[in-house]
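Enquirer: Shown below is the structure under consideration.
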Amino acid sequence: MQLNLYARAGIALLIGLFVSEFAQAQVFISGEIVEKGSDKHIPNAVVLTTGEKTGTKADVRGFFRLPMIAAQPTDTLMIMAAGYQPQRVAVERSEASAWVTVEVVRKPAALTASTVAGASTVATGPRVAVYGAKAVKKSDGMLQGYPGTQYALWLKGDGNSSGILKNVSFFVDALGFPSEPFRVHVYKALPGGKGPGEEMLKEKIVASAPKGGQWFTVDVSKYFIPLPPDGVFVAMEWLVGGESFVAGTANEDYTPYGQILAPTYEFRETLTWNYTIGKPWAPLTSFDKNRIMNAMIRAEVTVF
């Protein structure tokens, strides 16, 4: 009986230490977002940590709470709100910085017909912009690959607007095996669009189109992926889901098909890069001098 008491005491002590360490590890940055020069609180602003790459939204009163999980001592908050300039604020992972007040500056009103007439027009909310391929139907040709192959389309940023990726879409051809699974990637574009850089989608997303011959969309809004000034590369990676990945003949001549990504010729420059295991990223080669092939990939971005 005495041993049981000691054992219980030891277990209680270990649990207490674990809870204490866990509580210490959970550091939250809370705060408010206000318009500079006034006491007006800004509702529904997006708040991101640029280092840990987590995010949240302020509530209707302009208050937010965001956990800092990683062991790094400092981070930077990026705040984006409709009608206001993006704001960056340095924060520390300590109790002393548990509350921050972020002041945002209103964007200058755009010059419109109503402005010329004497009425000032101010943005009332974010807008959704489409980046990448806008074609409704596929063009001739196809993009296919072996397991591990990736095709990525460069979605250019304009360097001025700030935004969050809402979803990414791929036009999956009806040919091949359209329902085969594939992995979604979002890479930060290297300066000047010199290929894909850092992976921005930290969670592994494997998707599968129910059928081909149409656009297939994947929601990525919950990951709060910002649109950098140089843009992003959105990529499809071929995976092996089963025997339907290959098509064979009686001569046992096997050709990898999997799903087929449709091409588009709507751009006048090469925006597509491809990757094969064992080789570096490289721009897609177009053999037709009159038309430039690119992957039918696009994204909807919530622009602030």
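Convention: chains lettered A, B, ... in structure tokens order; per-chain residue numbering from 1; ligands numbered from 1 as shown.
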Give one line per residue of stretch 23-112 of chain A that approaches stretch 201-210 of chain A to at most 12 Å, naming the two atoms of the closest pair and their distance in Å to one decimal, counting only C-alpha atoms; sort by chain then ascending residue number and deliver it as a Markdown table.
Expert:
| residue | atom | partner | partner_atom | distance |
| --- | --- | --- | --- | --- |
| A:Glu52 | CA | A:Lys202 | CA | 10.0 |
| A:Lys53 | CA | A:Lys202 | CA | 8.4 |
| A:Thr54 | CA | A:Lys202 | CA | 9.9 |
Enquirer: Output C-alpha atoms for every residue in that selection, as a tab-separated table (two decimals), in the first residue's frame.
Expert:
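Okay, this is what ended up in part_26.tsv:
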chain	number	residue	atom	x	y	z
A	52	GLU	CA	6.05	30.09	-37.75
A	53	LYS	CA	3.65	30.55	-40.67
A	54	THR	CA	0.47	30.38	-38.61
Enquirer: Within 7 Å of A:Ala152, counting only C-alpha atoms, which residues qualify if same-chain residues fewer than 2 places away don't, as an MDAnalysis selection string?
Expert: chainID A and resid 150 154 233:236 272:274
Enquirer: Would you list the contacts of stretch 84-87 of chain A as a CSV table (one decimal) with N, CA and C atoms, in the first residue's frame, taking every protein, DNA or RNA residue within 7 Å and counting only C-alpha atoms, but skipping same-chain residues closer than 5 positions in sequence?
Expert:
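Now in around-v9.csv:
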chain,number,residue,atom,x,y,z
A,78,MET,N,2.3,39.9,-39.5
A,78,MET,CA,1.9,40.7,-40.7
A,78,MET,C,0.4,40.8,-40.5
A,79,ILE,N,-0.1,42.0,-40.6
A,79,ILE,CA,-1.5,42.3,-40.5
A,79,ILE,C,-2.0,42.9,-41.8
A,104,VAL,N,-2.8,50.5,-38.0
A,104,VAL,CA,-2.8,50.3,-39.5
A,104,VAL,C,-3.2,51.7,-40.1
A,105,VAL,N,-2.6,51.9,-41.3
A,105,VAL,CA,-2.8,53.2,-42.0
A,105,VAL,C,-3.7,52.9,-43.2
A,106,ARG,N,-4.7,53.8,-43.3
A,106,ARG,CA,-5.6,53.6,-44.4
A,106,ARG,C,-5.0,53.9,-45.8
A,107,LYS,N,-5.3,53.1,-46.8
A,107,LYS,CA,-4.8,53.3,-48.1
A,107,LYS,C,-5.4,54.5,-48.8
A,162,SER,N,-1.3,43.0,-51.3
A,162,SER,CA,-1.1,41.9,-50.3
A,162,SER,C,-2.3,41.0,-50.3
Enquirer: Could you check which of A:Pro229, A:Gly132, A:Gly163, A:Pro147 is closest to A:Phe267, using only C-alpha atoms?
Expert: A:Gly132
Enquirer: Select, from A:Arg93, A:Lys222, A:Arg127, A:Lys138, the residue with the minimum atom-to-atom distance to A:Ala295, counting only C-alpha atoms.
Expert: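 Closest to A:Ala295, using only C-alpha atoms: A:Lys138.
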